[in-house]
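J.: Once you've had a glance at the structure underneath, I'll fire off some questions.
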Amino acid sequence: MRRVFVYGTLKRGFRNHRFLEAAAYVGEAYTVKAYRMLDGRFPVLRDAGPHPQQVAGEVYDVDDGTLAKLDELEDVASRMYDRREIDVVLLKRPNDEASTAFIYIGCGEYWDKKDQVPYLATDERGLLNWLAPNMRAK
Ligand code: PCA
């Protein structure tokens with residue numbers, strides 16, 4: 001089993017969640033490190049630039065087949081996203097737990113050439129917790 005942390009369209013109730021239908025949900029989590037988030041139809045995390053914040057998401061345990069499909073979806077082969085292993089904090093009762101997980105991080109070579117709209121809104125915990133444009137309060 002491999003563990004992944006998702007922060008965008010792969011989350012529950014979001015557009016690409018079906019890719020995780022065979023996965024085991026572990027729980028809500030947030031990243032130990034702070035990142036910058038780009039906004040759009042899907043979010044892109046970048047290594048810290050201005051105003052980095054920790055990121056909220058969900059952790060799943062997946063099999064190798066699912067991980068391969070996620071790599072395809074996130075265009076790892078053409079280096080749109082890199083898959084990396086990071087430290088996350090799992091929100092568990094009674095105590096939070098440290099874990100490592102794979103995450104998809106945007107590649108500089110790809111995203112530096114694009115228009116970059118930052119996603120800056122943090123939730124009540126001070127975390128970047130991405131909502132799709134159609135889910136946001138007007
Ligand atoms: N899908 C991946 C990365 C960004 C996206 O929309 C995820 O949900 O973590």
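Residues are referred to by chain and number: the chain letter is A, B, ... according to the order shown in the structure tokens, the number counts from 1 in that chain, and ligands are numbered separately from 1 in the order shown.
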When DSSP works through the backbone of this structure, what residues of chain A end up as alpha helix (DSSP H), shown as a list in words?
T.: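 Alpha helix (DSSP H) assignments inside chain A correspond to Asp64, Gly65, Thr66, Leu67, Ala68, Lys69, Leu70, Asp71, Glu72, Leu73, Gly108, Glu109, Tyr110 and Trp111 of chain A.
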J.: Quick one: which chain A residues come within 12 Å of ligand 1, and what is the nearest atom pair for each with the distance in Å to one decimal, counting only C-alpha atoms and all ligand atoms, rows ordered by chain and ascending number, as a tab-separated table?
T.:
```
residue	atom	partner	partner_atom_place_in_ligand_line	distance
A:Val4	CA	ligand 1	9 (O)	8.3
A:Phe5	CA	ligand 1	9 (O)	6.4
A:Val6	CA	ligand 1	9 (O)	3.2
A:Tyr7	CA	ligand 1	9 (O)	4.0
A:Gly8	CA	ligand 1	8 (O)	3.2
A:Thr9	CA	ligand 1	6 (O)	3.8
A:Leu10	CA	ligand 1	8 (O)	3.8
A:Lys11	CA	ligand 1	8 (O)	5.7
A:Arg12	CA	ligand 1	8 (O)	9.4
A:Gly13	CA	ligand 1	8 (O)	11.1
A:Phe14	CA	ligand 1	8 (O)	8.5
A:Arg15	CA	ligand 1	6 (O)	8.4
A:Asn16	CA	ligand 1	1 (N)	7.4
A:His17	CA	ligand 1	8 (O)	8.1
A:Arg18	CA	ligand 1	8 (O)	11.4
A:Phe19	CA	ligand 1	8 (O)	10.2
A:Leu20	CA	ligand 1	8 (O)	10.3
A:Tyr30	CA	ligand 1	9 (O)	11.9
A:Thr31	CA	ligand 1	9 (O)	11.9
A:Met37	CA	ligand 1	4 (C)	9.8
A:Leu38	CA	ligand 1	4 (C)	9.8
A:Asp39	CA	ligand 1	6 (O)	9.7
A:Gly40	CA	ligand 1	6 (O)	9.2
A:Arg41	CA	ligand 1	6 (O)	7.8
A:Phe42	CA	ligand 1	6 (O)	4.3
A:Pro43	CA	ligand 1	4 (C)	5.1
A:Val44	CA	ligand 1	4 (C)	5.5
A:Leu45	CA	ligand 1	4 (C)	7.5
A:Arg46	CA	ligand 1	4 (C)	10.9
A:Val55	CA	ligand 1	9 (O)	10.4
A:Ala56	CA	ligand 1	9 (O)	10.1
A:Gly57	CA	ligand 1	9 (O)	7.6
A:Glu58	CA	ligand 1	9 (O)	8.5
A:Val59	CA	ligand 1	9 (O)	9.6
A:Tyr60	CA	ligand 1	9 (O)	10.8
A:Leu67	CA	ligand 1	2 (C)	11.9
A:Lys69	CA	ligand 1	2 (C)	11.9
A:Leu70	CA	ligand 1	2 (C)	8.3
A:Asp71	CA	ligand 1	2 (C)	9.7
A:Glu72	CA	ligand 1	1 (N)	11.2
A:Leu73	CA	ligand 1	1 (N)	8.1
A:Glu74	CA	ligand 1	1 (N)	6.7
A:Asp75	CA	ligand 1	3 (C)	10.3
A:Val76	CA	ligand 1	3 (C)	10.9
A:Met80	CA	ligand 1	3 (C)	10.3
A:Tyr81	CA	ligand 1	3 (C)	8.0
A:Asp82	CA	ligand 1	3 (C)	9.9
A:Arg83	CA	ligand 1	3 (C)	9.6
A:Arg84	CA	ligand 1	9 (O)	11.6
A:Ala101	CA	ligand 1	9 (O)	11.3
A:Phe102	CA	ligand 1	9 (O)	9.4
A:Ile103	CA	ligand 1	9 (O)	6.5
A:Tyr104	CA	ligand 1	3 (C)	5.3
A:Ile105	CA	ligand 1	3 (C)	7.2
A:Gly106	CA	ligand 1	3 (C)	8.4
A:Cys107	CA	ligand 1	3 (C)	11.9
A:Asn129	CA	ligand 1	8 (O)	10.9
A:Trp130	CA	ligand 1	6 (O)	9.2
A:Leu131	CA	ligand 1	6 (O)	10.3
A:Ala132	CA	ligand 1	6 (O)	9.4
```
J.: Store the residues picked out above in a file with C-alpha atoms, as an mmCIF file, in the first residue's frame.
T.:
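File produced: result.cif:
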```
data_model
loop_
_atom_site.group_PDB
_atom_site.id
_atom_site.type_symbol
_atom_site.label_atom_id
_atom_site.label_comp_id
_atom_site.auth_asym_id
_atom_site.auth_seq_id
_atom_site.Cartn_x
_atom_site.Cartn_y
_atom_site.Cartn_z
ATOM 1 C CA VAL A 4 -1.259 9.809 -0.876
ATOM 2 C CA PHE A 5 -2.261 13.274 0.331
ATOM 3 C CA VAL A 6 -4.720 15.049 -2.000
ATOM 4 C CA TYR A 7 -5.587 18.742 -1.845
ATOM 5 C CA GLY A 8 -7.599 19.475 -4.984
ATOM 6 C CA THR A 9 -9.908 17.757 -7.425
ATOM 7 C CA LEU A 10 -9.173 14.320 -5.952
ATOM 8 C CA LYS A 11 -10.856 15.166 -2.644
ATOM 9 C CA ARG A 12 -14.300 13.804 -1.712
ATOM 10 C CA GLY A 13 -17.080 15.597 -3.562
ATOM 11 C CA PHE A 14 -14.679 16.969 -6.189
ATOM 12 C CA ARG A 15 -14.378 16.337 -9.926
ATOM 13 C CA ASN A 16 -11.688 13.604 -9.959
ATOM 14 C CA HIS A 17 -12.576 11.759 -6.787
ATOM 15 C CA ARG A 18 -13.650 8.665 -8.773
ATOM 16 C CA PHE A 19 -9.932 7.897 -9.332
ATOM 17 C CA LEU A 20 -9.843 7.031 -5.618
ATOM 18 C CA TYR A 30 -2.501 18.957 6.625
ATOM 19 C CA THR A 31 1.043 19.445 5.373
ATOM 20 C CA MET A 37 -1.082 27.514 -4.185
ATOM 21 C CA LEU A 38 -2.093 28.461 -7.718
ATOM 22 C CA ASP A 39 -5.799 28.599 -8.479
ATOM 23 C CA GLY A 40 -7.858 27.609 -11.517
ATOM 24 C CA ARG A 41 -10.067 24.661 -12.487
ATOM 25 C CA PHE A 42 -7.653 22.712 -10.304
ATOM 26 C CA PRO A 43 -5.065 23.893 -7.789
ATOM 27 C CA VAL A 44 -1.299 23.596 -8.125
ATOM 28 C CA LEU A 45 1.069 23.644 -5.168
ATOM 29 C CA ARG A 46 4.417 25.290 -5.693
ATOM 30 C CA VAL A 55 -2.298 22.979 3.118
ATOM 31 C CA ALA A 56 -5.392 20.997 4.142
ATOM 32 C CA GLY A 57 -6.328 17.777 2.361
ATOM 33 C CA GLU A 58 -7.240 14.113 2.658
ATOM 34 C CA VAL A 59 -5.074 11.012 2.955
ATOM 35 C CA TYR A 60 -5.771 7.713 1.189
ATOM 36 C CA LEU A 67 -1.058 5.252 -7.979
ATOM 37 C CA LYS A 69 -3.525 6.111 -12.713
ATOM 38 C CA LEU A 70 -3.011 9.160 -10.488
ATOM 39 C CA ASP A 71 0.446 9.709 -12.028
ATOM 40 C CA GLU A 72 -1.212 9.667 -15.447
ATOM 41 C CA LEU A 73 -3.974 12.063 -14.394
ATOM 42 C CA GLU A 74 -1.448 14.524 -12.958
ATOM 43 C CA ASP A 75 0.822 14.226 -16.028
ATOM 44 C CA VAL A 76 3.880 13.210 -14.057
ATOM 45 C CA MET A 80 3.331 19.063 -15.065
ATOM 46 C CA TYR A 81 3.350 17.714 -11.523
ATOM 47 C CA ASP A 82 6.061 15.803 -9.701
ATOM 48 C CA ARG A 83 5.055 13.150 -7.201
ATOM 49 C CA ARG A 84 7.033 13.596 -3.985
ATOM 50 C CA ALA A 101 2.492 10.601 2.048
ATOM 51 C CA PHE A 102 2.941 11.205 -1.668
ATOM 52 C CA ILE A 103 1.741 14.541 -2.980
ATOM 53 C CA TYR A 104 1.540 16.133 -6.434
ATOM 54 C CA ILE A 105 3.569 19.363 -6.580
ATOM 55 C CA GLY A 106 3.657 21.610 -9.662
ATOM 56 C CA CYS A 107 6.935 21.671 -11.624
ATOM 57 C CA ASN A 129 -8.164 24.441 1.810
ATOM 58 C CA TRP A 130 -9.020 24.609 -1.887
ATOM 59 C CA LEU A 131 -12.609 24.950 -3.046
ATOM 60 C CA ALA A 132 -13.591 24.687 -6.713
#
```
J.: Expressed in Å to a single decimal, how great is the separation between atom CA of A:Val32 and atom CA of A:Asp87?
T.: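 For atom CA of A:Val32 relative to atom CA of A:Asp87, the distance reads 5.8 Å.
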J.: What does the distance between atom CA of A:Tyr110 and atom CA of A:Thr66 come to in Å, to one decimal place?
T.: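 The value is 24.4 Å.
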J.: With only C-alpha atoms as the basis for distance, which of A:Ala34, A:Gln54, A:Val62, A:Ile86 is at the shortest distance from A:Asp123?
T.: A:Gln54
J.: Quick check, in Å to one decimal: how far apart do atom CA of A:Leu127 and atom CA of A:Asp96 lie?
T.: 15.9 Å
J.: When you look at A:Val89 with a cut-off of 6 Å (counting only C-alpha atoms), what residues show up, excluding the ones that are within fewer than 5 positions of it in the same chain? I need them as a PDB file with C-alpha atoms, in the first residue's frame.
T.:
```
ATOM      1  CA  ALA A  29      -4.674  15.914   7.188  1.00  0.00           C
ATOM      2  CA  TYR A  30      -2.501  18.957   6.625  1.00  0.00           C
ATOM      3  CA  GLU A  97      -0.509  11.460  14.055  1.00  0.00           C
ATOM      4  CA  ALA A  98       2.571  12.146  11.959  1.00  0.00           C
TER       5      ALA A  98
END
```
J.: From a backbone DSSP assignment, name each residue in chain A labelled strand (DSSP E), as a PyMOL selection string.
T.: chain A and resi 2-6+24-31+35-38+44-47+56-62+81-90+97-106
